[in-house]
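A.B. asks: Coordinates in run_25.csv, CSV, C-alpha atoms, are listed below.
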chain,number,residue,atom,x,y,z
A,21,MET,CA,-2.5,-17.3,-5.3
A,22,THR,CA,-4.2,-20.7,-5.4
A,23,PRO,CA,-2.6,-23.8,-3.8
A,24,ASP,CA,-2.0,-25.2,-7.3
A,25,GLU,CA,-0.3,-21.9,-8.4
A,26,GLN,CA,1.9,-22.0,-5.2
A,27,ALA,CA,2.9,-25.6,-5.9
A,28,ARG,CA,3.8,-24.8,-9.6
A,29,LEU,CA,5.8,-21.7,-8.5
A,30,GLN,CA,7.7,-23.7,-6.0
A,31,ALA,CA,8.5,-26.4,-8.6
A,32,HIS,CA,9.7,-23.8,-11.2
A,33,THR,CA,11.7,-21.9,-8.5
A,34,ALA,CA,13.4,-25.1,-7.5
A,35,GLU,CA,14.3,-25.8,-11.2
A,36,ILE,CA,15.7,-22.2,-11.5
A,37,ALA,CA,17.7,-22.7,-8.3
A,38,LYS,CA,19.3,-25.9,-9.7
A,39,ILE,CA,20.3,-24.2,-13.0
A,40,LEU,CA,21.7,-21.2,-11.2
A,41,TYR,CA,23.6,-23.5,-8.7
A,42,ARG,CA,25.1,-25.5,-11.5
A,43,ASN,CA,26.4,-22.3,-13.1
A,44,THR,CA,27.9,-20.9,-9.8
A,45,PRO,CA,31.7,-21.0,-9.4
A,46,PRO,CA,33.0,-22.8,-6.3
A,47,GLU,CA,34.5,-19.6,-4.8
A,48,ALA,CA,31.0,-18.0,-4.7
A,49,LEU,CA,29.9,-20.8,-2.3
A,50,ASP,CA,32.5,-20.1,0.4
A,51,SER,CA,30.2,-18.3,2.8
A,52,LEU,CA,26.7,-17.0,3.1
A,53,GLU,CA,28.0,-13.5,2.2
A,54,THR,CA,29.4,-14.8,-1.1
A,55,ILE,CA,26.3,-16.8,-1.8
A,56,GLU,CA,24.2,-13.7,-1.2
A,57,GLY,CA,26.3,-11.6,-3.5
A,58,HIS,CA,26.4,-14.1,-6.3
A,59,LEU,CA,22.6,-14.8,-6.2
A,60,ARG,CA,21.9,-11.1,-6.3
A,61,LYS,CA,24.2,-10.8,-9.4
A,62,GLN,CA,22.4,-13.7,-11.1
A,63,TRP,CA,19.0,-12.2,-10.2
A,64,ILE,CA,20.0,-8.7,-11.6
A,65,GLU,CA,21.6,-10.1,-14.8
A,66,ILE,CA,19.4,-13.1,-15.6
A,67,VAL,CA,16.2,-13.6,-13.6
A,68,GLY,CA,15.0,-10.2,-12.7
A,69,PRO,CA,15.0,-8.7,-16.2
A,70,GLU,CA,13.1,-11.7,-17.6
A,71,VAL,CA,10.4,-11.5,-15.0
A,72,ALA,CA,10.2,-7.7,-15.4
A,73,PHE,CA,9.9,-8.1,-19.2
A,74,PHE,CA,6.9,-10.3,-18.8
A,75,PHE,CA,5.2,-8.0,-16.3
A,76,ILE,CA,5.8,-4.9,-18.5
A,77,LYS,CA,4.5,-6.6,-21.7
A,78,GLU,CA,1.5,-8.0,-20.0
A,79,THR,CA,0.7,-4.7,-18.2
A,80,THR,CA,1.1,-2.5,-21.3
A,81,GLY,CA,-0.2,-5.0,-23.9
A,82,THR,CA,2.6,-4.1,-26.3
A,83,ASP,CA,6.2,-4.6,-27.1
A,84,LYS,CA,6.2,-2.2,-30.1
A,85,GLY,CA,8.5,0.8,-30.6
A,86,ARG,CA,12.2,1.6,-30.3
A,87,PRO,CA,13.6,0.2,-27.1
A,88,ARG,CA,15.9,1.9,-24.6
A,89,THR,CA,17.8,0.4,-21.7
A,90,VAL,CA,16.7,1.5,-18.2
A,91,LYS,CA,18.5,0.7,-15.0
A,92,SER,CA,16.3,-0.7,-12.3
A,93,CYS,CA,16.6,-2.5,-8.9
A,94,VAL,CA,15.8,-5.8,-10.7
A,95,GLY,CA,18.4,-5.3,-13.5
A,96,GLU,CA,18.7,-3.6,-16.8
A,97,LEU,CA,15.4,-3.5,-18.6
A,98,LYS,CA,14.7,-2.8,-22.3
A,99,ILE,CA,11.5,-0.8,-22.5
A,100,THR,CA,10.0,0.4,-25.7
A,101,GLU,CA,8.6,3.8,-26.5
A,102,LYS,CA,5.0,2.5,-26.3
A,103,GLN,CA,5.6,0.7,-23.1
A,104,ALA,CA,7.3,3.8,-21.5
A,105,GLU,CA,4.3,6.0,-22.6
A,106,LYS,CA,1.8,3.6,-21.0
A,107,LEU,CA,3.9,3.3,-17.8
A,108,ASN,CA,4.4,7.1,-17.5
A,109,LEU,CA,8.1,6.7,-17.7
A,110,LYS,CA,9.9,10.0,-18.4
A,111,LYS,CA,11.0,10.3,-22.0
A,112,SER,CA,14.7,10.8,-21.6
A,113,THR,CA,15.4,8.9,-18.4
A,114,ARG,CA,17.6,5.9,-18.2
A,115,LEU,CA,16.6,5.1,-14.6
A,116,ALA,CA,13.5,3.3,-13.5
A,117,PRO,CA,11.4,5.3,-11.0
A,118,PHE,CA,12.0,3.2,-7.9
A,119,PHE,CA,15.8,3.0,-8.6
A,120,GLU,CA,15.8,6.8,-9.2
A,121,LYS,CA,14.2,7.2,-5.8
A,122,CYS,CA,16.8,5.0,-4.1
A,123,CYS,CA,19.5,7.2,-5.8
A,124,LEU,CA,18.0,10.5,-4.7
A,125,ARG,CA,17.7,9.3,-1.1
A,126,GLN,CA,21.3,8.3,-1.0
A,127,VAL,CA,22.5,11.6,-2.5
A,128,ALA,CA,20.3,13.4,0.1
A,129,LEU,CA,22.5,11.9,2.7
A,130,LEU,CA,25.9,11.4,1.2
A,131,SER,CA,28.4,13.0,-1.2
A,132,TYR,CA,27.9,12.0,-4.8
A,133,GLU,CA,30.9,9.8,-4.8
A,134,LYS,CA,29.9,8.1,-1.5
A,135,ALA,CA,26.3,7.7,-2.7
A,136,SER,CA,27.5,6.0,-5.9
A,137,GLN,CA,29.5,3.5,-3.8
A,138,GLU,CA,26.6,2.9,-1.4
A,139,ILE,CA,24.0,2.4,-4.1
A,140,GLU,CA,26.2,-0.3,-5.7
A,141,VAL,CA,26.7,-2.1,-2.4
A,142,GLN,CA,23.0,-2.0,-1.5
A,143,THR,CA,21.3,-2.6,-4.8
A,144,GLY,CA,24.1,-4.2,-6.9
A,145,VAL,CA,23.5,-1.7,-9.7
A,146,LYS,CA,26.3,0.6,-10.7
A,147,ILE,CA,25.7,4.3,-11.3
A,148,GLY,CA,28.5,6.9,-11.5
A,149,HIS,CA,28.7,10.0,-9.3
A,150,THR,CA,28.5,12.3,-12.4
A,151,SER,CA,25.2,10.5,-13.4
A,152,LEU,CA,23.9,11.2,-9.9
A,153,HIS,CA,24.9,14.8,-10.1
A,154,ARG,CA,23.0,15.1,-13.4
A,155,LEU,CA,20.0,13.3,-11.9
A,156,VAL,CA,19.8,15.9,-9.1
A,157,GLU,CA,20.3,18.9,-11.4
A,158,ASN,CA,17.6,17.7,-13.8
A,159,GLN,CA,15.0,17.1,-11.2
A,160,ASP,CA,11.8,19.2,-11.7
A,161,TRP,CA,10.8,19.6,-8.1
A,162,VAL,CA,7.2,20.2,-7.2
A,163,GLU,CA,7.0,22.1,-4.0
A,164,PRO,CA,4.5,20.6,-1.6
A,165,VAL,CA,1.3,22.4,-0.5
A,166,ALA,CA,-0.1,21.8,3.0
A,167,PHE,CA,-3.6,20.2,3.2
A,168,ALA,CA,-4.6,21.9,6.4
A,169,PRO,CA,-4.5,25.7,7.2
A,170,ILE,CA,-1.0,26.8,8.4
A,171,LYS,CA,-1.3,28.3,11.9
A,172,GLU,CA,2.4,28.6,12.7
A,173,THR,CA,5.6,29.1,10.8
A,174,SER,CA,9.2,29.9,11.7
A,175,VAL,CA,12.2,31.1,9.7
A,176,ASP,CA,16.0,30.8,10.3
A,177,GLY,CA,19.2,31.1,8.3
A,178,GLY,CA,22.0,28.6,7.6
A,179,LYS,CA,25.4,29.0,5.9
A,180,VAL,CA,26.9,27.2,3.0
A,181,ARG,CA,30.5,27.2,1.8
A,182,ILE,CA,30.9,28.6,-1.7
A,183,ARG,CA,33.8,27.5,-3.9
A,184,GLY,CA,35.9,30.5,-5.0
A,185,ALA,CA,37.3,31.1,-8.4
A,186,LYS,CA,40.5,29.4,-9.3
A,187,GLY,CA,43.3,30.6,-7.1
A,188,GLU,CA,40.9,32.1,-4.6
A,189,GLY,CA,39.6,30.7,-1.3
A,190,SER,CA,36.1,29.7,-0.4
A,191,HIS,CA,33.6,31.9,1.4
A,192,TRP,CA,30.4,31.5,3.3
A,193,LEU,CA,26.9,32.7,2.3
A,194,ASP,CA,23.5,32.5,3.8
A,195,TYR,CA,20.5,30.5,2.9
A,196,LYS,CA,17.0,30.8,4.5
A,197,ALA,CA,14.8,27.9,5.7
A,198,VAL,CA,11.2,27.9,6.7
A,199,SER,CA,9.2,25.4,8.7
A,200,LEU,CA,5.4,25.2,8.2
A,201,HIS,CA,4.7,23.7,11.6
A,202,GLY,CA,3.0,20.4,11.3
A,203,SER,CA,3.4,20.3,7.5
A,204,PHE,CA,6.5,20.8,5.4
A,205,TYR,CA,10.0,22.3,5.3
A,206,ALA,CA,11.6,24.4,2.5
A,207,ALA,CA,14.9,26.2,2.0
A,208,TYR,CA,16.2,28.7,-0.5
A,209,PHE,CA,19.6,30.1,-1.4
A,210,LEU,CA,19.6,33.8,-2.5
A,211,GLU,CA,15.9,33.5,-3.3
A,212,ASN,CA,14.1,35.3,-0.5
A,213,GLU,CA,11.1,36.3,-2.7
A,214,VAL,CA,10.7,32.7,-3.8
A,215,LEU,CA,10.5,31.7,-0.1
A,216,ILE,CA,7.9,34.4,0.6
A,217,ASP,CA,5.8,33.3,-2.4
A,218,TYR,CA,6.0,29.7,-1.3
A,219,VAL,CA,4.7,30.5,2.2
A,220,ASN,CA,1.9,32.8,0.8
A,221,ARG,CA,0.8,30.1,-1.6
A,222,GLN,CA,0.0,27.8,1.3
A,223,PRO,CA,-3.5,27.7,2.9
A,224,LEU,CA,-2.7,30.2,5.7
A,225,ASP,CA,-4.9,30.6,8.7
A,226,SER,CA,-6.5,34.0,9.3
A,227,LEU,CA,-3.9,34.5,12.1
A,228,VAL,CA,-0.5,33.0,11.5
A,229,THR,CA,2.0,32.8,14.4
A,230,CYS,CA,5.5,33.7,13.0
A,231,LEU,CA,8.6,32.9,15.1
A,232,GLY,CA,12.2,33.9,14.6
A,233,ASP,CA,15.4,35.0,16.3
A,234,GLY,CA,16.6,38.6,16.4
A,235,HIS,CA,18.1,38.9,12.9
A,236,ASP,CA,16.6,41.7,10.7
A,237,GLY,CA,16.8,39.4,7.6
A,238,ILE,CA,14.4,37.0,9.2
A,239,TRP,CA,11.9,39.6,10.2
A,240,ASN,CA,12.1,41.3,6.8
A,241,LEU,CA,10.9,38.0,5.3
A,242,ILE,CA,8.2,37.3,7.9
A,243,GLY,CA,6.9,40.9,7.4
A,244,LYS,CA,5.7,39.8,4.0
A,245,PHE,CA,3.9,36.6,5.1
A,246,ASN,CA,0.1,36.3,5.1
A,247,PRO,CA,-0.6,39.6,3.3
A,248,ASP,CA,-4.4,38.9,3.3
A,249,GLY,CA,-4.5,37.9,7.0
A,250,ASN,CA,-2.9,38.7,10.3
A,251,ARG,CA,0.5,37.8,11.9
A,252,ARG,CA,1.4,37.2,15.5
A,253,GLU,CA,5.1,37.8,15.5
A,254,ILE,CA,7.0,36.2,18.4
A,255,LEU,CA,10.7,36.6,19.2
A,256,ASP,CA,12.0,33.1,20.0
A,257,TRP,CA,12.0,32.8,23.8
A,258,TYR,CA,15.3,30.9,24.0
A,259,HIS,CA,17.1,33.4,21.9
A,260,LEU,CA,15.7,36.1,24.1
A,261,VAL,CA,17.0,34.4,27.2
A,262,GLU,CA,20.4,33.7,25.5
A,263,ASN,CA,20.8,37.4,24.9
A,264,LEU,CA,19.7,38.2,28.5
A,265,TYR,CA,22.5,36.0,29.9
A,266,LYS,CA,25.1,37.9,27.9
A,267,VAL,CA,24.5,40.7,30.4
A,268,ALA,CA,27.0,40.6,33.2
A,269,GLY,CA,26.1,41.4,36.8
A,270,SER,CA,23.8,40.2,39.6
A,271,ARG,CA,22.3,36.8,39.2
A,272,LYS,CA,19.3,38.0,41.2
A,273,ARG,CA,18.7,40.8,38.7
A,274,LEU,CA,19.0,38.4,35.7
A,275,SER,CA,16.6,36.0,37.4
A,276,GLN,CA,14.1,38.9,37.9
A,277,ALA,CA,14.5,40.0,34.3
A,278,LYS,CA,13.9,36.5,33.0
A,279,GLU,CA,10.7,36.3,35.1
A,280,LEU,CA,9.5,39.7,33.8
A,281,LEU,CA,10.3,38.8,30.2
A,282,TRP,CA,8.5,35.5,30.6
A,283,GLN,CA,5.4,37.6,31.3
A,284,GLY,CA,6.1,40.1,28.5
A,285,ARG,CA,6.7,43.0,30.9
A,286,ILE,CA,9.3,44.9,28.8
A,287,ASP,CA,9.3,48.3,30.4
A,288,GLU,CA,9.9,46.8,33.9
A,289,THR,CA,12.7,44.7,32.5
A,290,ILE,CA,14.5,47.7,31.0
A,291,LYS,CA,14.0,49.6,34.3
A,292,LEU,CA,15.9,46.8,36.1
A,293,PHE,CA,19.0,47.8,34.2
A,294,GLU,CA,18.6,51.6,34.2
A,295,LEU,CA,21.5,52.1,36.6
A,296,CYS,CA,23.8,49.7,34.7
A,297,ASN,CA,26.2,51.3,32.3
A,298,SER,CA,27.9,48.3,30.7
A,299,ARG,CA,28.0,47.8,27.0
A,300,GLN,CA,26.3,44.4,27.3
A,301,THR,CA,23.4,46.0,29.3
A,302,THR,CA,23.0,48.8,26.8
A,303,ASN,CA,23.0,46.4,23.9
A,304,PHE,CA,20.4,44.2,25.6
A,305,CYS,CA,18.1,47.1,26.3
A,306,LYS,CA,18.3,48.2,22.7
A,307,TYR,CA,17.6,44.6,21.6
A,308,VAL,CA,14.5,44.4,23.8
A,309,THR,CA,13.3,47.8,22.7
A,310,LYS,CA,13.7,46.9,19.1
A,311,HIS,CA,11.7,43.7,19.4
A,312,ARG,CA,9.2,44.9,22.0
A,313,ASN,CA,6.2,44.1,19.7
A,314,ARG,CA,7.5,40.6,19.4
A,315,ILE,CA,8.1,40.0,23.1
A,316,VAL,CA,4.8,38.5,24.2
A,317,ASN,CA,3.4,37.0,27.4
A,318,TYR,CA,5.2,33.7,26.9
A,319,GLN,CA,3.8,32.4,30.2
A,320,LEU,CA,0.2,32.8,29.0
A,321,LEU,CA,0.8,31.4,25.5
A,322,SER,CA,2.7,28.5,26.9
A,323,SER,CA,0.3,27.6,29.8
A,324,GLN,CA,-2.8,27.8,27.7
A,325,ASN,CA,-1.1,26.0,24.7
A,326,ILE,CA,-2.1,28.9,22.4
A,327,CYS,CA,0.9,28.6,20.2
A,328,SER,CA,4.6,27.8,20.2
A,329,ILE,CA,7.1,30.2,21.8
A,330,GLY,CA,10.3,28.9,20.2
A,331,SER,CA,11.6,28.5,16.7
A,332,GLY,CA,13.1,25.1,17.4
A,333,ALA,CA,11.4,23.4,14.5
A,334,VAL,CA,13.2,25.5,11.9
A,335,GLU,CA,16.5,25.5,13.9
A,336,SER,CA,16.4,21.7,13.8
A,337,LEU,CA,15.7,21.9,10.1
A,338,VAL,CA,18.8,24.0,9.5
A,339,LYS,CA,20.9,21.5,11.4
A,340,GLN,CA,19.5,18.6,9.4
A,341,ILE,CA,20.1,20.4,6.1
A,342,ASP,CA,23.7,21.2,7.2
A,343,ARG,CA,24.4,17.5,7.7
A,344,ARG,CA,24.4,17.3,3.9
A,345,LEU,CA,25.7,20.8,2.9
A,346,LYS,CA,28.5,20.7,5.4
A,347,ILE,CA,29.8,17.2,5.0
A,348,SER,CA,33.6,17.0,5.4
A,349,GLY,CA,35.3,19.2,2.7
A,350,ALA,CA,32.1,20.2,1.0
A,351,GLN,CA,32.3,23.3,-1.2
A,352,TRP,CA,29.5,24.3,-3.5
A,353,CYS,CA,29.0,26.1,-6.8
A,354,SER,CA,26.3,28.7,-6.3
A,355,GLU,CA,24.2,27.3,-9.1
A,356,ASN,CA,24.0,23.9,-7.5
A,357,ILE,CA,22.8,24.8,-4.0
A,358,ASN,CA,19.1,25.3,-4.5
A,359,GLN,CA,18.7,21.9,-6.2
A,360,MET,CA,20.4,20.2,-3.2
A,361,LEU,CA,18.3,22.2,-0.7
A,362,LYS,CA,15.2,21.0,-2.5
A,363,LEU,CA,16.5,17.4,-2.5
A,364,ARG,CA,17.3,17.5,1.2
A,365,CYS,CA,14.0,19.1,2.1
A,366,ALA,CA,12.1,16.5,-0.1
A,367,TYR,CA,13.9,13.8,1.9
A,368,LEU,CA,13.1,15.4,5.3
A,369,ASN,CA,9.5,15.9,4.1
A,370,GLU,CA,9.4,12.2,3.3
A,371,LEU,CA,8.5,12.9,-0.3
A,372,ILE,CA,11.1,10.6,-1.7
Take the structure in the file and write it out as structure tokens.
C.D. replies:
Amino acid sequence: MTPDEQARLQAHTAEIAKILYRNTPPEALDSLETIEGHLRKQWIEIVGPEVAFFFIKETTGTDKGRPRTVKSCVGELKITEKQAEKLNLKKSTRLAPFFEKCCLRQVALLSYEKASQEIEVQTGVKIGHTSLHRLVENQDWVEPVAFAPIKETSVDGGKVRIRGAKGEGSHWLDYKAVSLHGSFYAAYFLENEVLIDYVNRQPLDSLVTCLGDGHDGIWNLIGKFNPDGNRREILDWYHLVENLYKVAGSRKRLSQAKELLWQGRIDETIKLFELCNSRQTTNFCKYVTKHRNRIVNYQLLSSQNICSIGSGAVESLVKQIDRRLKISGAQWCSENINQMLKLRCAYLNELI
């Protein structure tokens, strides 16, 4: 912007300010807060649309075609079919892209009703909670693909509260989440095969380290990862230790067992407990035997920084997803869950 243009802009802005001030009611001048609110209202209703109209017409070179009203962060805009086509605006949308992004980010954090209130406070633009619900349900999500080869992944499960039929109570069902370490997150409800396909469509390394806890459902999924390469399956170290400490008895023995497991010495660990007949000990030995191929030399892998030994990345993901799925009083219709999971993951992946 040239000095002459800056001077002209300041002069025009000053004239605009005088006109707006003359048309401001006294009660809107009581405090800085009321001034802010009134100025934003004037901008959204009067100034913003006029400026935007000029930008759109100059950019597209046309004002031909049937217009439709689109809500935006700078007010309601009338955009013609030709302009929308040149600006890559979706045919049926009534929301401008940046305002739509603002709405999706709020819904990723809050209930639809709270998000509606927050959007109006922060942008000055009203949008109802039912419109927000339709916005989420109509999103055609494109699942992200990593740029670099995936060397590690971890899987965990979370729970979501399902609304029962009329007169029936709610119940809880599982969803599955996957973390592609260093890249993206994804989560699916009752779509295990979709999760598997998503992972296998990624650029996987020839050897992929897969981490999980002791649940069979997790390993059934992991067992189908990287079919054209190799997997290094690792039982999460912290879950392993958690299960060890469920065994009652000598602290010395538990300390010895932990040290042996840290080095991946399974048979010696089991031998430590051969004279113990408690149910907890029996269960732990069965647990260790079942996962013996996934209990590795954690000490070596950790000390040489070969790969991760814990599934903390995906456990953190589940907790962050649950901050939205488990907000106070939330109950879900089954058909709405996957769209919300995709929205929440898009937010956590910083794609919106």
A.B. asks: For Pro247 (chain A), which residue out of A:Asn220, A:Ser270, A:Thr229, A:Ser174 is the nearest one, using all atoms listed in the file?
C.D. replies: A:Asn220
A.B. asks: For a quick check of understanding, using only C-alpha atoms, which of A:Cys305, A:Ile329, A:Ile254, A:Ile341 has the smallest distance to Asn369 (chain A)?
C.D. replies: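 Nearest to Asn369 (chain A): A:Ile341.
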A.B. asks: For region 204-207 of chain A, find every residue with an atom within 6 Å (counting only C-alpha atoms), except residues of its own chain fewer than 6 positions away, and show them as a list in words.
C.D. replies: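 My reading of the contact set: Lys196, Ala197, Val198, Leu361, Cys365 and Asn369 of chain A.
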A.B. asks: List every protein, DNA or RNA residue that has at least one atom no more than 12 Å from (19.1, 9.8, 2.3) in the file's coordinates, counting all atoms listed in the file, and write the result as a ChimeraX atom specification.
C.D. replies: /A:121-132,134-135,138-139,340-341,343-344,360,363-372
A.B. asks: Export C-alpha atoms of the chosen residues as a PDB file, keeping the file's coordinate frame?
C.D. replies:
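Listed below is the output, part37.pdb:
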ATOM      1  CA  LYS A 121      14.200   7.200  -5.800  1.00  0.00           C
ATOM      2  CA  CYS A 122      16.800   5.000  -4.100  1.00  0.00           C
ATOM      3  CA  CYS A 123      19.500   7.200  -5.800  1.00  0.00           C
ATOM      4  CA  LEU A 124      18.000  10.500  -4.700  1.00  0.00           C
ATOM      5  CA  ARG A 125      17.700   9.300  -1.100  1.00  0.00           C
ATOM      6  CA  GLN A 126      21.300   8.300  -1.000  1.00  0.00           C
ATOM      7  CA  VAL A 127      22.500  11.600  -2.500  1.00  0.00           C
ATOM      8  CA  ALA A 128      20.300  13.400   0.100  1.00  0.00           C
ATOM      9  CA  LEU A 129      22.500  11.900   2.700  1.00  0.00           C
ATOM     10  CA  LEU A 130      25.900  11.400   1.200  1.00  0.00           C
ATOM     11  CA  SER A 131      28.400  13.000  -1.200  1.00  0.00           C
ATOM     12  CA  TYR A 132      27.900  12.000  -4.800  1.00  0.00           C
ATOM     13  CA  LYS A 134      29.900   8.100  -1.500  1.00  0.00           C
ATOM     14  CA  ALA A 135      26.300   7.700  -2.700  1.00  0.00           C
ATOM     15  CA  GLU A 138      26.600   2.900  -1.400  1.00  0.00           C
ATOM     16  CA  ILE A 139      24.000   2.400  -4.100  1.00  0.00           C
ATOM     17  CA  GLN A 340      19.500  18.600   9.400  1.00  0.00           C
ATOM     18  CA  ILE A 341      20.100  20.400   6.100  1.00  0.00           C
ATOM     19  CA  ARG A 343      24.400  17.500   7.700  1.00  0.00           C
ATOM     20  CA  ARG A 344      24.400  17.300   3.900  1.00  0.00           C
ATOM     21  CA  MET A 360      20.400  20.200  -3.200  1.00  0.00           C
ATOM     22  CA  LEU A 363      16.500  17.400  -2.500  1.00  0.00           C
ATOM     23  CA  ARG A 364      17.300  17.500   1.200  1.00  0.00           C
ATOM     24  CA  CYS A 365      14.000  19.100   2.100  1.00  0.00           C
ATOM     25  CA  ALA A 366      12.100  16.500  -0.100  1.00  0.00           C
ATOM     26  CA  TYR A 367      13.900  13.800   1.900  1.00  0.00           C
ATOM     27  CA  LEU A 368      13.100  15.400   5.300  1.00  0.00           C
ATOM     28  CA  ASN A 369       9.500  15.900   4.100  1.00  0.00           C
ATOM     29  CA  GLU A 370       9.400  12.200   3.300  1.00  0.00           C
ATOM     30  CA  LEU A 371       8.500  12.900  -0.300  1.00  0.00           C
ATOM     31  CA  ILE A 372      11.100  10.600  -1.700  1.00  0.00           C
TER      32      ILE A 372
END
A.B. asks: Skip region 313-315 of chain A itself and residues of its chain fewer than 6 positions away, then list as JSON, numbers by chain all residues within 10 Å of it, counting only C-alpha atoms.
C.D. replies: {"A": [230, 231, 232, 234, 252, 253, 254, 255, 256, 257, 260, 281, 282, 283, 284, 285, 286, 329]}
A.B. asks: How far is it from CA of Gly202 (chain A) to CA of Glu157 (chain A), in Å with one decimal?
C.D. replies: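 Those two atoms sit 28.6 Å apart.
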A.B. asks: Find the spatial neighbours of Ser92 (chain A), counting all atoms listed in the file, within a cut-off of 7 Å - ignore same-chain residues fewer than 6 positions away - and output them as a count of residues only.
C.D. replies: 3
